[in-house]
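Trainee: Here you go, this is upload_9.pdb (PDB, C-alpha atoms (C1' of nucleotides)).
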MODEL        1
ATOM      1  CA  MET I   1     100.545 100.109  88.156
ATOM      2  CA  PRO I   2      98.466 100.403  86.007
ATOM      3  CA  GLU I   3      95.212 102.040  86.892
ATOM      4  CA  LEU I   4      92.240 102.334  84.558
ATOM      5  CA  PRO I   5      93.886 104.648  81.971
ATOM      6  CA  GLU I   6      96.986 102.471  81.731
ATOM      7  CA  VAL I   7      94.903  99.321  81.310
ATOM      8  CA  GLU I   8      92.878 101.115  78.663
ATOM      9  CA  THR I   9      96.109 102.085  76.901
ATOM     10  CA  VAL I  10      97.264  98.472  76.946
ATOM     11  CA  ARG I  11      93.904  97.421  75.521
ATOM     12  CA  THR I  12      94.310  99.878  72.668
ATOM     13  CA  GLY I  13      97.720  98.390  71.918
ATOM     14  CA  LEU I  14      96.481  94.807  72.050
ATOM     15  CA  ARG I  15      93.295  95.138  70.041
ATOM     16  CA  PRO I  16      94.830  95.060  66.571
ATOM     17  CA  VAL I  17      96.822  91.907  67.341
ATOM     18  CA  MET I  18      94.200  90.108  69.434
ATOM     19  CA  GLU I  19      90.690  90.928  68.254
ATOM     20  CA  GLY I  20      89.757  88.660  65.393
ATOM     21  CA  HIS I  21      93.006  86.750  65.793
ATOM     22  CA  ALA I  22      93.809  83.269  67.061
ATOM     23  CA  PHE I  23      96.490  82.276  69.533
ATOM     24  CA  THR I  24      99.068  80.218  67.683
ATOM     25  CA  HIS I  25     101.398  79.596  70.615
ATOM     26  CA  VAL I  26     101.173  80.147  74.386
ATOM     27  CA  GLU I  27     103.801  79.459  76.999
ATOM     28  CA  THR I  28     104.139  80.111  80.712
ATOM     29  CA  ARG I  29     107.527  80.207  82.383
ATOM     30  CA  ARG I  30     106.348  79.360  85.905
ATOM     31  CA  GLY I  31     103.322  77.805  87.559
ATOM     32  CA  ASN I  32     101.750  80.924  88.941
ATOM     33  CA  LEU I  33     101.609  84.684  89.122
ATOM     34  CA  ARG I  34      99.556  85.991  92.065
ATOM     35  CA  ILE I  35      97.413  82.893  91.625
ATOM     36  CA  PRO I  36      98.182  79.624  89.833
ATOM     37  CA  PHE I  37      97.516  79.406  86.122
ATOM     38  CA  PRO I  38      94.387  77.328  85.505
ATOM     39  CA  ASN I  39      94.656  73.709  84.353
ATOM     40  CA  ASP I  40      95.881  73.411  80.772
ATOM     41  CA  PHE I  41      96.027  77.197  80.432
ATOM     42  CA  ALA I  42      98.131  77.159  77.264
ATOM     43  CA  GLY I  43      96.107  74.354  75.701
ATOM     44  CA  ARG I  44      92.808  76.113  76.323
ATOM     45  CA  LEU I  45      94.073  79.316  74.680
ATOM     46  CA  THR I  46      95.883  77.833  71.696
ATOM     47  CA  GLY I  47      93.777  77.861  68.554
ATOM     48  CA  ARG I  48      91.106  80.071  70.122
ATOM     49  CA  THR I  49      90.111  83.303  68.411
ATOM     50  CA  VAL I  50      89.508  86.470  70.425
ATOM     51  CA  LYS I  51      86.069  87.803  69.670
ATOM     52  CA  ARG I  52      86.284  90.936  71.777
ATOM     53  CA  LEU I  53      88.862  92.604  74.029
ATOM     54  CA  TRP I  54      87.301  94.722  76.718
ATOM     55  CA  ARG I  55      88.016  96.104  80.169
ATOM     56  CA  ARG I  56      86.287  95.827  83.540
ATOM     57  CA  ALA I  57      87.853  97.812  86.401
ATOM     58  CA  LYS I  58      91.589  97.145  85.970
ATOM     59  CA  TYR I  59      91.037  93.763  84.315
ATOM     60  CA  LEU I  60      91.546  93.088  80.633
ATOM     61  CA  MET I  61      89.013  90.594  79.300
ATOM     62  CA  ALA I  62      89.410  88.679  76.048
ATOM     63  CA  ASP I  63      86.240  86.802  75.090
ATOM     64  CA  LEU I  64      87.179  83.646  73.197
ATOM     65  CA  ASP I  65      85.257  81.768  70.527
ATOM     66  CA  ASP I  66      84.627  78.758  72.813
ATOM     67  CA  GLY I  67      82.728  80.507  75.614
ATOM     68  CA  GLU I  68      85.670  81.213  77.880
ATOM     69  CA  THR I  69      87.107  84.612  78.740
ATOM     70  CA  PHE I  70      90.841  85.126  79.131
ATOM     71  CA  VAL I  71      91.308  87.455  82.111
ATOM     72  CA  ILE I  72      94.458  89.527  82.677
ATOM     73  CA  HIS I  73      95.374  91.786  85.592
ATOM     74  CA  LEU I  74      98.644  93.720  85.590
ATOM     75  CA  GLY I  75      98.931  94.062  89.363
ATOM     76  CA  MET I  76     101.471  96.680  90.435
ATOM     77  CA  SER I  77     104.300  96.036  88.036
ATOM     78  CA  GLY I  78     102.788  94.122  85.132
ATOM     79  CA  ARG I  79     103.642  95.195  81.602
ATOM     80  CA  ILE I  80     102.614  93.952  78.195
ATOM     81  CA  ALA I  81     104.777  94.424  75.131
ATOM     82  CA  VAL I  82     103.704  93.655  71.580
ATOM     83  CA  TYR I  83     106.178  92.661  68.906
ATOM     84  CA  ALA I  84     105.121  92.386  65.286
ATOM     85  CA  ASP I  85     106.952  92.223  62.007
ATOM     86  CA  GLY I  86     104.882  95.013  60.509
ATOM     87  CA  LYS I  87     104.298  93.104  57.295
ATOM     88  CA  SER I  88     100.755  92.083  58.124
ATOM     89  CA  ARG I  89      98.196  94.025  56.159
ATOM     90  CA  ARG I  90      95.790  93.529  59.035
ATOM     91  CA  LEU I  91      97.940  95.654  61.312
ATOM     92  CA  GLY I  92      97.207  98.594  59.097
ATOM     93  CA  ARG I  93      98.776 101.784  60.320
ATOM     94  CA  PHE I  94      99.672 100.360  63.730
ATOM     95  CA  VAL I  95     103.404 100.229  64.096
ATOM     96  CA  TYR I  96     105.232  98.155  66.674
ATOM     97  CA  PRO I  97     108.889  97.497  67.298
ATOM     98  CA  ALA I  98     110.327  94.839  65.026
ATOM     99  CA  ALA I  99     110.390  91.361  66.506
ATOM    100  CA  SER I 100     113.765  90.519  67.970
ATOM    101  CA  PRO I 101     115.041  87.097  69.045
ATOM    102  CA  GLY I 102     115.357  88.249  72.676
ATOM    103  CA  ALA I 103     111.811  89.535  72.981
ATOM    104  CA  GLY I 104     110.135  87.545  75.708
ATOM    105  CA  MET I 105     113.299  85.945  77.078
ATOM    106  CA  GLY I 106     113.847  88.256  80.052
ATOM    107  CA  GLU I 107     114.015  86.984  83.636
ATOM    108  CA  HIS I 108     110.544  88.304  84.454
ATOM    109  CA  ASP I 109     108.876  87.577  81.119
ATOM    110  CA  HIS I 110     106.422  85.096  82.607
ATOM    111  CA  VAL I 111     104.003  84.564  79.728
ATOM    112  CA  VAL I 112     104.466  84.714  75.961
ATOM    113  CA  LEU I 113     101.488  84.519  73.622
ATOM    114  CA  GLU I 114     101.636  84.573  69.846
ATOM    115  CA  THR I 115      98.741  85.292  67.518
ATOM    116  CA  ASP I 116      98.278  84.945  63.800
ATOM    117  CA  ALA I 117      98.283  88.748  63.377
ATOM    118  CA  PRO I 118     101.210  87.884  63.454
ATOM    119  CA  ALA I 119     102.385  89.156  66.807
ATOM    120  CA  ARG I 120     104.208  88.112  69.916
ATOM    121  CA  ILE I 121     102.712  89.395  73.161
ATOM    122  CA  VAL I 122     104.977  89.336  76.204
ATOM    123  CA  PHE I 123     103.724  89.675  79.788
ATOM    124  CA  THR I 124     106.412  90.879  82.185
ATOM    125  CA  ASP I 125     105.790  91.270  85.906
ATOM    126  CA  HIS I 126     108.722  91.279  88.295
ATOM    127  CA  ARG I 127     106.590  91.526  91.436
ATOM    128  CA  ARG I 128     104.064  88.944  90.244
ATOM    129  CA  PHE I 129     101.026  90.708  91.721
ATOM    130  CA  GLY I 130      99.368  90.348  88.345
ATOM    131  CA  LEU I 131      97.268  87.379  87.296
ATOM    132  CA  MET I 132      95.970  85.498  84.296
ATOM    133  CA  THR I 133      93.064  83.101  84.354
ATOM    134  CA  LEU I 134      90.186  81.695  82.329
ATOM    135  CA  VAL I 135      86.538  82.156  83.297
ATOM    136  CA  ALA I 136      83.375  80.967  81.573
ATOM    137  CA  THR I 137      82.113  84.101  79.829
ATOM    138  CA  ALA I 138      78.573  83.521  81.060
ATOM    139  CA  ASP I 139      79.770  83.351  84.676
ATOM    140  CA  ILE I 140      81.873  86.499  84.790
ATOM    141  CA  GLU I 141      79.410  88.562  86.789
ATOM    142  CA  ARG I 142      79.255  85.880  89.479
ATOM    143  CA  HIS I 143      82.946  85.109  89.530
ATOM    144  CA  ARG I 144      84.724  85.908  92.807
ATOM    145  CA  LEU I 145      87.057  88.369  91.062
ATOM    146  CA  PHE I 146      84.196  90.472  89.744
ATOM    147  CA  LYS I 147      81.054  90.025  91.796
ATOM    148  CA  GLY I 148      81.813  92.838  94.234
ATOM    149  CA  ILE I 149      83.211  95.307  91.720
ATOM    150  CA  GLY I 150      81.606  98.751  91.626
ATOM    151  CA  VAL I 151      80.477 100.916  88.733
ATOM    152  CA  GLU I 152      82.708 102.026  85.891
ATOM    153  CA  PRO I 153      83.720 105.644  86.505
ATOM    154  CA  LEU I 154      83.369 106.573  82.832
ATOM    155  CA  SER I 155      79.858 105.167  82.583
ATOM    156  CA  ASP I 156      76.679 107.245  82.865
ATOM    157  CA  GLU I 157      75.778 105.238  85.942
ATOM    158  CA  PHE I 158      78.605 106.948  87.808
ATOM    159  CA  ASP I 159      77.087 110.338  88.524
ATOM    160  CA  ALA I 160      76.670 112.766  91.415
ATOM    161  CA  ASP I 161      73.512 111.076  92.706
ATOM    162  CA  PHE I 162      75.149 107.666  92.710
ATOM    163  CA  LEU I 163      78.287 108.799  94.508
ATOM    164  CA  THR I 164      76.356 110.877  97.038
ATOM    165  CA  ARG I 165      74.180 107.884  97.906
ATOM    166  CA  THR I 166      77.148 105.547  98.105
ATOM    167  CA  LEU I 167      79.306 107.772 100.294
ATOM    168  CA  LYS I 168      76.494 108.788 102.626
ATOM    169  CA  SER I 169      77.135 105.955 105.072
ATOM    170  CA  LYS I 170      80.913 105.809 104.795
ATOM    171  CA  LYS I 171      82.930 106.884 107.820
ATOM    172  CA  THR I 172      86.215 106.246 106.103
ATOM    173  CA  PRO I 173      88.248 109.118 104.590
ATOM    174  CA  ILE I 174      87.167 110.056 101.064
ATOM    175  CA  LYS I 175      90.582 108.970  99.767
ATOM    176  CA  SER I 176      90.093 105.437 101.061
ATOM    177  CA  ALA I 177      86.491 105.265  99.841
ATOM    178  CA  LEU I 178      87.527 106.154  96.286
ATOM    179  CA  LEU I 179      90.273 103.514  96.299
ATOM    180  CA  ASP I 180      87.689 100.890  97.276
ATOM    181  CA  GLN I 181      86.998  98.959  94.064
ATOM    182  CA  ARG I 182      83.521  98.051  95.370
ATOM    183  CA  VAL I 183      82.548 101.731  95.244
ATOM    184  CA  VAL I 184      84.024 102.672  91.897
ATOM    185  CA  ALA I 185      86.091 100.416  89.681
ATOM    186  CA  GLY I 186      89.459 101.272  88.249
ATOM    187  CA  LEU I 187      90.708 104.190  90.307
ATOM    188  CA  GLY I 188      94.090 103.785  91.965
ATOM    189  CA  ASN I 189      96.336 105.876  94.137
ATOM    190  CA  ILE I 190      97.469 108.319  91.466
ATOM    191  CA  TYR I 191      94.131 109.289  89.983
ATOM    192  CA  VAL I 192      92.390 109.462  93.352
ATOM    193  CA  CYS I 193      95.022 111.950  94.547
ATOM    194  CA  GLU I 194      94.730 113.940  91.329
ATOM    195  CA  ALA I 195      90.924 113.989  91.265
ATOM    196  CA  LEU I 196      90.732 115.134  94.898
ATOM    197  CA  PHE I 197      93.170 117.932  94.161
ATOM    198  CA  ARG I 198      91.270 119.033  91.071
ATOM    199  CA  SER I 199      88.045 119.157  93.030
ATOM    200  CA  GLY I 200      89.558 120.897  96.072
ATOM    201  CA  ILE I 201      88.590 118.177  98.537
ATOM    202  CA  SER I 202      90.911 117.131 101.358
ATOM    203  CA  PRO I 203      91.780 113.424 101.187
ATOM    204  CA  LYS I 204      91.379 113.270 104.972
ATOM    205  CA  ARG I 205      87.770 114.430 104.973
ATOM    206  CA  LEU I 206      85.335 111.679 105.897
ATOM    207  CA  ALA I 207      83.443 110.448 102.860
ATOM    208  CA  ARG I 208      80.004 111.134 104.320
ATOM    209  CA  SER I 209      80.942 114.717 105.169
ATOM    210  CA  VAL I 210      81.533 115.828 101.574
ATOM    211  CA  SER I 211      78.611 118.008 100.493
ATOM    212  CA  PRO I 212      76.559 117.005  97.429
ATOM    213  CA  PRO I 213      77.761 119.941  95.297
ATOM    214  CA  ARG I 214      81.360 119.018  96.016
ATOM    215  CA  ILE I 215      80.651 115.368  95.225
ATOM    216  CA  ALA I 216      79.254 116.534  91.898
ATOM    217  CA  ALA I 217      82.517 118.391  91.241
ATOM    218  CA  LEU I 218      84.472 115.303  92.262
ATOM    219  CA  VAL I 219      82.579 113.085  89.817
ATOM    220  CA  LYS I 220      83.294 115.550  87.041
ATOM    221  CA  GLU I 221      87.010 115.693  87.888
ATOM    222  CA  ILE I 222      87.332 111.902  88.181
ATOM    223  CA  LYS I 223      85.942 111.507  84.676
ATOM    224  CA  ALA I 224      88.095 114.374  83.384
ATOM    225  CA  VAL I 225      91.363 113.129  84.835
ATOM    226  CA  LEU I 226      90.752 109.603  83.519
ATOM    227  CA  LYS I 227      89.868 110.867  80.051
ATOM    228  CA  ASP I 228      92.890 113.171  79.984
ATOM    229  CA  ALA I 229      95.175 110.319  81.011
ATOM    230  CA  ILE I 230      93.735 107.952  78.414
ATOM    231  CA  ALA I 231      94.123 110.607  75.737
ATOM    232  CA  ALA I 232      97.776 111.013  76.764
ATOM    233  CA  GLY I 233      98.414 107.282  76.474
ATOM    234  CA  GLY I 234      98.456 106.576  80.200
ATOM    235  CA  SER I 235     100.870 107.760  82.809
ATOM    236  CA  SER I 236     104.190 106.180  83.343
ATOM    237  CA  LEU I 237     105.900 105.613  86.663
ATOM    238  CA  ARG I 238     109.126 103.722  86.852
ATOM    239  CA  ASP I 239     108.474 100.629  84.795
ATOM    240  CA  HIS I 240     105.087 101.123  83.222
ATOM    241  CA  ARG I 241     105.200 101.186  79.459
ATOM    242  CA  ARG I 242     102.693 101.163  76.676
ATOM    243  CA  THR I 243     102.603  98.028  74.536
ATOM    244  CA  ASP I 244     104.841  99.733  71.984
ATOM    245  CA  GLY I 245     107.508 100.362  74.617
ATOM    246  CA  GLU I 246     106.989 104.107  74.670
ATOM    247  CA  MET I 247     106.509 105.897  77.945
ATOM    248  CA  GLY I 248     103.099 107.399  78.525
ATOM    249  CA  TYR I 249     103.566 111.050  79.319
ATOM    250  CA  PHE I 250     100.574 111.944  81.435
ATOM    251  CA  GLN I 251     102.760 111.932  84.555
ATOM    252  CA  LYS I 252     104.211 115.236  83.456
ATOM    253  CA  THR I 253     100.875 116.775  84.202
ATOM    254  CA  PHE I 254     100.398 115.480  87.726
ATOM    255  CA  TYR I 255      99.449 118.249  90.123
ATOM    256  CA  VAL I 256     100.211 116.392  93.349
ATOM    257  CA  TYR I 257     101.189 112.732  92.863
ATOM    258  CA  ASP I 258     104.828 112.114  93.853
ATOM    259  CA  ARG I 259     105.438 115.855  94.198
ATOM    260  CA  ALA I 260     105.936 116.029  98.001
ATOM    261  CA  GLY I 261     107.712 119.220  99.012
ATOM    262  CA  GLU I 262     107.189 120.911  95.663
ATOM    263  CA  PRO I 263     105.125 124.081  95.353
ATOM    264  CA  CYS I 264     101.427 123.771  94.629
ATOM    265  CA  ARG I 265     100.686 124.531  90.983
ATOM    266  CA  THR I 266      97.528 126.478  91.702
ATOM    267  CA  LYS I 267      98.028 130.054  90.572
ATOM    268  CA  GLY I 268      98.657 132.274  93.585
ATOM    269  CA  CYS I 269      98.847 129.373  96.069
ATOM    270  CA  LYS I 270     101.890 129.478  98.330
ATOM    271  CA  GLY I 271     101.341 125.970  99.709
ATOM    272  CA  LYS I 272     103.579 122.962  99.283
ATOM    273  CA  ILE I 273     102.479 119.478  98.350
ATOM    274  CA  ARG I 274     102.385 117.225 101.379
ATOM    275  CA  ARG I 275     102.726 113.470 101.642
ATOM    276  CA  VAL I 276     100.816 111.597 104.325
ATOM    277  CA  VAL I 277      99.976 107.930 104.746
ATOM    278  CA  GLN I 278      96.366 106.745 104.731
ATOM    279  CA  ALA I 279      95.433 103.077 105.041
ATOM    280  CA  GLY I 280      99.043 102.247 104.304
ATOM    281  CA  ARG I 281      99.193 104.185 101.043
ATOM    282  CA  SER I 282     100.872 107.491 100.244
ATOM    283  CA  THR I 283      98.532 110.421  99.757
ATOM    284  CA  PHE I 284      99.687 113.657  98.135
ATOM    285  CA  TYR I 285      97.720 116.877  98.517
ATOM    286  CA  CYS I 286      97.813 120.623  99.019
ATOM    287  CA  ALA I 287      96.445 121.568 102.431
ATOM    288  CA  THR I 288      95.796 125.116 101.217
ATOM    289  CA  CYS I 289      93.707 124.199  98.162
ATOM    290  CA  GLN I 290      92.019 121.090  99.536
ATOM    291  CA  LYS I 291      89.575 121.416 102.418
TER     292      LYS I 291
ATOM    293  C1'  DA D   1      79.242  94.939 108.393
ATOM    294  C1'  DG D   2      82.905  97.716 107.863
ATOM    295  C1'  DA D   3      87.486  99.447 108.555
ATOM    296  C1'  DC D   4      92.203  98.539 109.255
ATOM    297  C1'  DG D   5      96.654  96.208 109.077
ATOM    298  C1'  DT D   6      99.302  92.938 106.785
ATOM    299  C1'  DA D   7     100.920  89.757 103.313
ATOM    300  C1'  DC D   8     102.155  88.686  98.672
ATOM    301  C1'  DC D   9     107.225  89.720  95.612
ATOM    302  C1'  DT D  10     111.149  92.067  93.562
ATOM    303  C1'  DG D  11     113.815  96.038  92.548
ATOM    304  C1'  DA D  12     115.218 100.876  93.004
ATOM    305  C1'  DC D  13     116.906 104.227  95.781
ATOM    306  C1'  DC D  14     118.889 106.556  99.810
ATOM    307  C1'  DG D  15     121.875 107.134 103.719
ATOM    308  C1'  DC D  16     125.687 105.387 106.148
TER     309       DC D  16
ATOM    310  C1'  DT U   1     131.172  99.034  97.046
ATOM    311  C1'  DG U   2     128.055  97.110 100.098
ATOM    312  C1'  DC U   3     124.376  96.781 103.371
ATOM    313  C1'  DG U   4     120.099  97.682 105.538
ATOM    314  C1'  DG U   5     115.896 100.215 105.568
ATOM    315  C1'  DT U   6     112.068 102.151 102.960
ATOM    316  C1'  DC U   7     109.126 102.643  99.248
ATOM    317  C1'  DA U   8     106.386 101.328  94.916
ATOM    318  C1'  DG U   9     100.684 101.903  90.490
ATOM    319  C1'  DG U  10      96.916  96.433  93.636
ATOM    320  C1'  DT U  11      94.187  93.037  95.855
ATOM    321  C1'  DA U  12      92.794  89.676  99.352
ATOM    322  C1'  DC U  13      92.421  87.999 103.794
ATOM    323  C1'  DG U  14      92.416  87.901 108.815
ATOM    324  C1'  DT U  15      91.105  90.452 112.861
ATOM    325  C1'  DC U  16      88.877  93.652 115.663
TER     326       DC U  16
ENDMDL
END
Show the structure stored in the file as structure tokens.
Mentor:
Amino acid sequence: MPELPEVETVRTGLRPVMEGHAFTHVETRRGNLRIPFPNDFAGRLTGRTVKRLWRRAKYLMADLDDGETFVIHLGMSGRIAVYADGKSRRLGRFVYPAASPGAGMGEHDHVVLETDAPARIVFTDHRRFGLMTLVATADIERHRLFKGIGVEPLSDEFDADFLTRTLKSKKTPIKSALLDQRVVAGLGNIYVCEALFRSGISPKRLARSVSPPRIAALVKEIKAVLKDAIAAGGSSLRDHRRTDGEMGYFQKTFYVYDRAGEPCRTKGCKGKIRRVVQAGRSTFYCATCQK
DNA sequence: AGACGTACCTGACCGC
DNA sequence: TGCGGTCAGGTACGTC
């Protein structure tokens, strides 16, 4: 899934058909995703206009005109596709696939939303680890989904001082610490592996044993890899797609993720990319470049 | 308190 | 062709 850059890519695709637009039709095809849909989910969305579409960690947040926020998480396998007829002047230069009668009728198309853009937005999630809910906008910070969430990695608050302070007491491997959404919000397995490679830090090293200068390099590489991925339209593994159905292509530039056994791409390095398991998740790294 | 394992769910892929 | 085992981008909860 979708980590921060992929969620950001989805947001970019949804903005022109959601921001400033009202939901004209909402339907759910089952009672729950990872969690149940809230009471009268479709009724509470229908007729509401989206004031702002933003992102917190890996959550998409659509602030509505009645004081509620529509919250979406893509989980591991969630996808969002946008279908529009392209005739709307409001869509401007954004081009989406033409609406087709079958759009939204697949086995795992669990939610279909239509807006007056006009557009049909289809949420597909075969593993159903994603979620959709409604939260009072004023209560978001206190809501159980968000109250423990850490800083945004692309914000100024996320800097070398912050990360040094935060990791100082952590005995867990640096890889696990960076995946912890309470430390920094939005990183997932791919970008943690990539950022550790770029900064030459072994994923096995204990978080508190990384020196401040190397933490500074890590912060810089985390921001860089996220920005690069967003600029490329998100990565794409297996079933992730952008809202226009195109594959993101950032995965072509992975240095280590899913490259076990392949040669390290560092010039002059003779090492091979290794795969190990940490906290139940695959970690990919070069033991020669990362210490 | 913090770290770890496990559960949630379906599909793709690999070896036999 | 079919079957079983393993793996997958995330999060939450129980247990030590």
Trainee: List every residue of chain U that has an atom at most 9 Å from any atom of chain I, and for each one report the closest atom pair and its distance in Å to one decimal, counting all atoms listed in the file, with rows sorted by chain and then by increasing residue number, as JSON lines.
Mentor:
{"residue": "U:DA8", "atom": "C1'", "partner": "I:Met76", "partner_atom": "CA", "distance": 8.1}
{"residue": "U:DG9", "atom": "C1'", "partner": "I:Met1", "partner_atom": "CA", "distance": 2.9}
{"residue": "U:DG10", "atom": "C1'", "partner": "I:Gly75", "partner_atom": "CA", "distance": 5.3}
{"residue": "U:DT11", "atom": "C1'", "partner": "I:Gly75", "partner_atom": "CA", "distance": 8.1}
Trainee: Give me the result of the PyMOL selection byres ((chain D) within 8 of (chain I)) on this file, residue by residue, as a list in words.
Mentor: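 For this structure, the PyMOL selection byres ((chain D) within 8 of (chain I)) captures DA3, DC4, DC8, DC9 and DT10 of chain D.
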Trainee: Of the candidates I:Asp180, I:Asp258, I:Glu194, I:Glu157, which one gets nearest to Ala229 (chain I) if we count all atoms listed in the file?
Mentor: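 When distances to Ala229 (chain I) are compared using all atoms listed in the file, the smallest one comes from I:Glu194.
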Trainee: For the structure provided, state which residues fall under the PyMOL selection byres ((chain I and resi 202) around 6), and present them as a PyMOL selection string.
Mentor: chain I and resi 201+203-205+290-291
Trainee: What does the distance from CA of Val256 (chain I) to CA of Ser211 (chain I) come to in Å, to one decimal?
Mentor: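 Computing it gives 22.8 Å between the two atoms.
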Trainee: Taking all atoms of region 5-13 of chain D that the file lists and extending 6 Å past them on each side, where is the centre of the axis-aligned box and how long are its edges? Answer in Å to one decimal, as JSON.
Mentor:
{"center_x": 106.8, "center_y": 96.5, "center_z": 100.8, "size_x": 32.3, "size_y": 27.5, "size_z": 28.5}
Trainee: What does the distance between CA of Glu114 (chain I) and CA of Arg44 (chain I) come to in Å, to one decimal place?
Mentor: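 About the pair CA of Glu114 (chain I) and CA of Arg44 (chain I): they are 13.8 Å apart.
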Trainee: Check what the PyMOL selection byres ((chain I and resi 50) around 9) selects in the file above and give those residues as an mmCIF file with C-alpha atoms, keeping the file's coordinate frame.
Mentor:
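Writing the result to expr-v5.cif gives the following:
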data_model
loop_
_atom_site.group_PDB
_atom_site.id
_atom_site.type_symbol
_atom_site.label_atom_id
_atom_site.label_comp_id
_atom_site.auth_asym_id
_atom_site.auth_seq_id
_atom_site.Cartn_x
_atom_site.Cartn_y
_atom_site.Cartn_z
ATOM 1 C CA MET I 18 94.200 90.108 69.434
ATOM 2 C CA GLU I 19 90.690 90.928 68.254
ATOM 3 C CA GLY I 20 89.757 88.660 65.393
ATOM 4 C CA HIS I 21 93.006 86.750 65.793
ATOM 5 C CA ALA I 22 93.809 83.269 67.061
ATOM 6 C CA PHE I 23 96.490 82.276 69.533
ATOM 7 C CA ARG I 48 91.106 80.071 70.122
ATOM 8 C CA THR I 49 90.111 83.303 68.411
ATOM 9 C CA LYS I 51 86.069 87.803 69.670
ATOM 10 C CA ARG I 52 86.284 90.936 71.777
ATOM 11 C CA LEU I 53 88.862 92.604 74.029
ATOM 12 C CA ALA I 62 89.410 88.679 76.048
ATOM 13 C CA ASP I 63 86.240 86.802 75.090
ATOM 14 C CA LEU I 64 87.179 83.646 73.197
ATOM 15 C CA ASP I 65 85.257 81.768 70.527
ATOM 16 C CA THR I 69 87.107 84.612 78.740
ATOM 17 C CA PHE I 70 90.841 85.126 79.131
#
Trainee: As an exercise, work out the distance from CA of Arg274 (chain I) to CA of Ala260 (chain I) in Å and give it to one decimal place.
Mentor: 5.0 Å
Trainee: Within 12 Å of (91.5, 90.0, 113.2) (file coordinates; all atoms listed in the file), which protein or nucleic acid residues are there? I'd like them as number ranges by chain.
Mentor: D: 3-6; U: 13-16
Trainee: Please return as JSON, numbers by chain every residue within 10 Å of (82.6, 94.1, 93.4), taking into account only C-alpha atoms (C1' of nucleotides) and the file's own coordinates.
Mentor: {"I": [57, 141, 142, 143, 144, 145, 146, 147, 148, 149, 150, 151, 180, 181, 182, 183, 184, 185]}
Trainee: Would you fill the gaps in region 220-233 of chain I so it has N, CA and C atoms, then print it as a PDB file, keeping the file's coordinate frame?
Mentor:
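Contents of rebuild17.pdb, freshly written:
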ATOM      1  N   LYS I 220      82.858 114.911  88.290  1.00  0.00           N
ATOM      2  CA  LYS I 220      83.294 115.550  87.041  1.00  0.00           C
ATOM      3  C   LYS I 220      84.815 115.466  86.886  1.00  0.00           C
ATOM      4  N   GLU I 221      85.542 115.711  87.966  1.00  0.00           N
ATOM      5  CA  GLU I 221      87.010 115.693  87.888  1.00  0.00           C
ATOM      6  C   GLU I 221      87.566 114.277  87.744  1.00  0.00           C
ATOM      7  N   ILE I 222      86.898 113.296  88.359  1.00  0.00           N
ATOM      8  CA  ILE I 222      87.332 111.902  88.181  1.00  0.00           C
ATOM      9  C   ILE I 222      87.240 111.524  86.702  1.00  0.00           C
ATOM     10  N   LYS I 223      86.114 111.830  86.096  1.00  0.00           N
ATOM     11  CA  LYS I 223      85.942 111.507  84.676  1.00  0.00           C
ATOM     12  C   LYS I 223      86.967 112.273  83.833  1.00  0.00           C
ATOM     13  N   ALA I 224      87.182 113.540  84.176  1.00  0.00           N
ATOM     14  CA  ALA I 224      88.095 114.374  83.384  1.00  0.00           C
ATOM     15  C   ALA I 224      89.532 113.878  83.476  1.00  0.00           C
ATOM     16  N   VAL I 225      89.965 113.535  84.692  1.00  0.00           N
ATOM     17  CA  VAL I 225      91.363 113.129  84.835  1.00  0.00           C
ATOM     18  C   VAL I 225      91.594 111.789  84.146  1.00  0.00           C
ATOM     19  N   LEU I 226      90.612 110.896  84.198  1.00  0.00           N
ATOM     20  CA  LEU I 226      90.752 109.603  83.519  1.00  0.00           C
ATOM     21  C   LEU I 226      90.796 109.791  82.005  1.00  0.00           C
ATOM     22  N   LYS I 227      89.893 110.633  81.503  1.00  0.00           N
ATOM     23  CA  LYS I 227      89.868 110.867  80.051  1.00  0.00           C
ATOM     24  C   LYS I 227      91.148 111.536  79.577  1.00  0.00           C
ATOM     25  N   ASP I 228      91.637 112.500  80.347  1.00  0.00           N
ATOM     26  CA  ASP I 228      92.890 113.171  79.984  1.00  0.00           C
ATOM     27  C   ASP I 228      94.037 112.169  79.937  1.00  0.00           C
ATOM     28  N   ALA I 229      94.070 111.290  80.940  1.00  0.00           N
ATOM     29  CA  ALA I 229      95.175 110.319  81.011  1.00  0.00           C
ATOM     30  C   ALA I 229      95.097 109.318  79.864  1.00  0.00           C
ATOM     31  N   ILE I 230      93.884 108.887  79.538  1.00  0.00           N
ATOM     32  CA  ILE I 230      93.735 107.952  78.414  1.00  0.00           C
ATOM     33  C   ILE I 230      94.168 108.632  77.113  1.00  0.00           C
ATOM     34  N   ALA I 231      93.760 109.874  76.959  1.00  0.00           N
ATOM     35  CA  ALA I 231      94.123 110.607  75.737  1.00  0.00           C
ATOM     36  C   ALA I 231      95.637 110.770  75.621  1.00  0.00           C
ATOM     37  N   ALA I 232      96.315 110.836  76.766  1.00  0.00           N
ATOM     38  CA  ALA I 232      97.776 111.013  76.764  1.00  0.00           C
ATOM     39  C   ALA I 232      98.500 109.678  76.659  1.00  0.00           C
ATOM     40  N   GLY I 233      97.776 108.589  76.595  1.00  0.00           N
ATOM     41  CA  GLY I 233      98.414 107.282  76.474  1.00  0.00           C
ATOM     42  C   GLY I 233      98.822 106.697  77.808  1.00  0.00           C
TER      43      GLY I 233
END
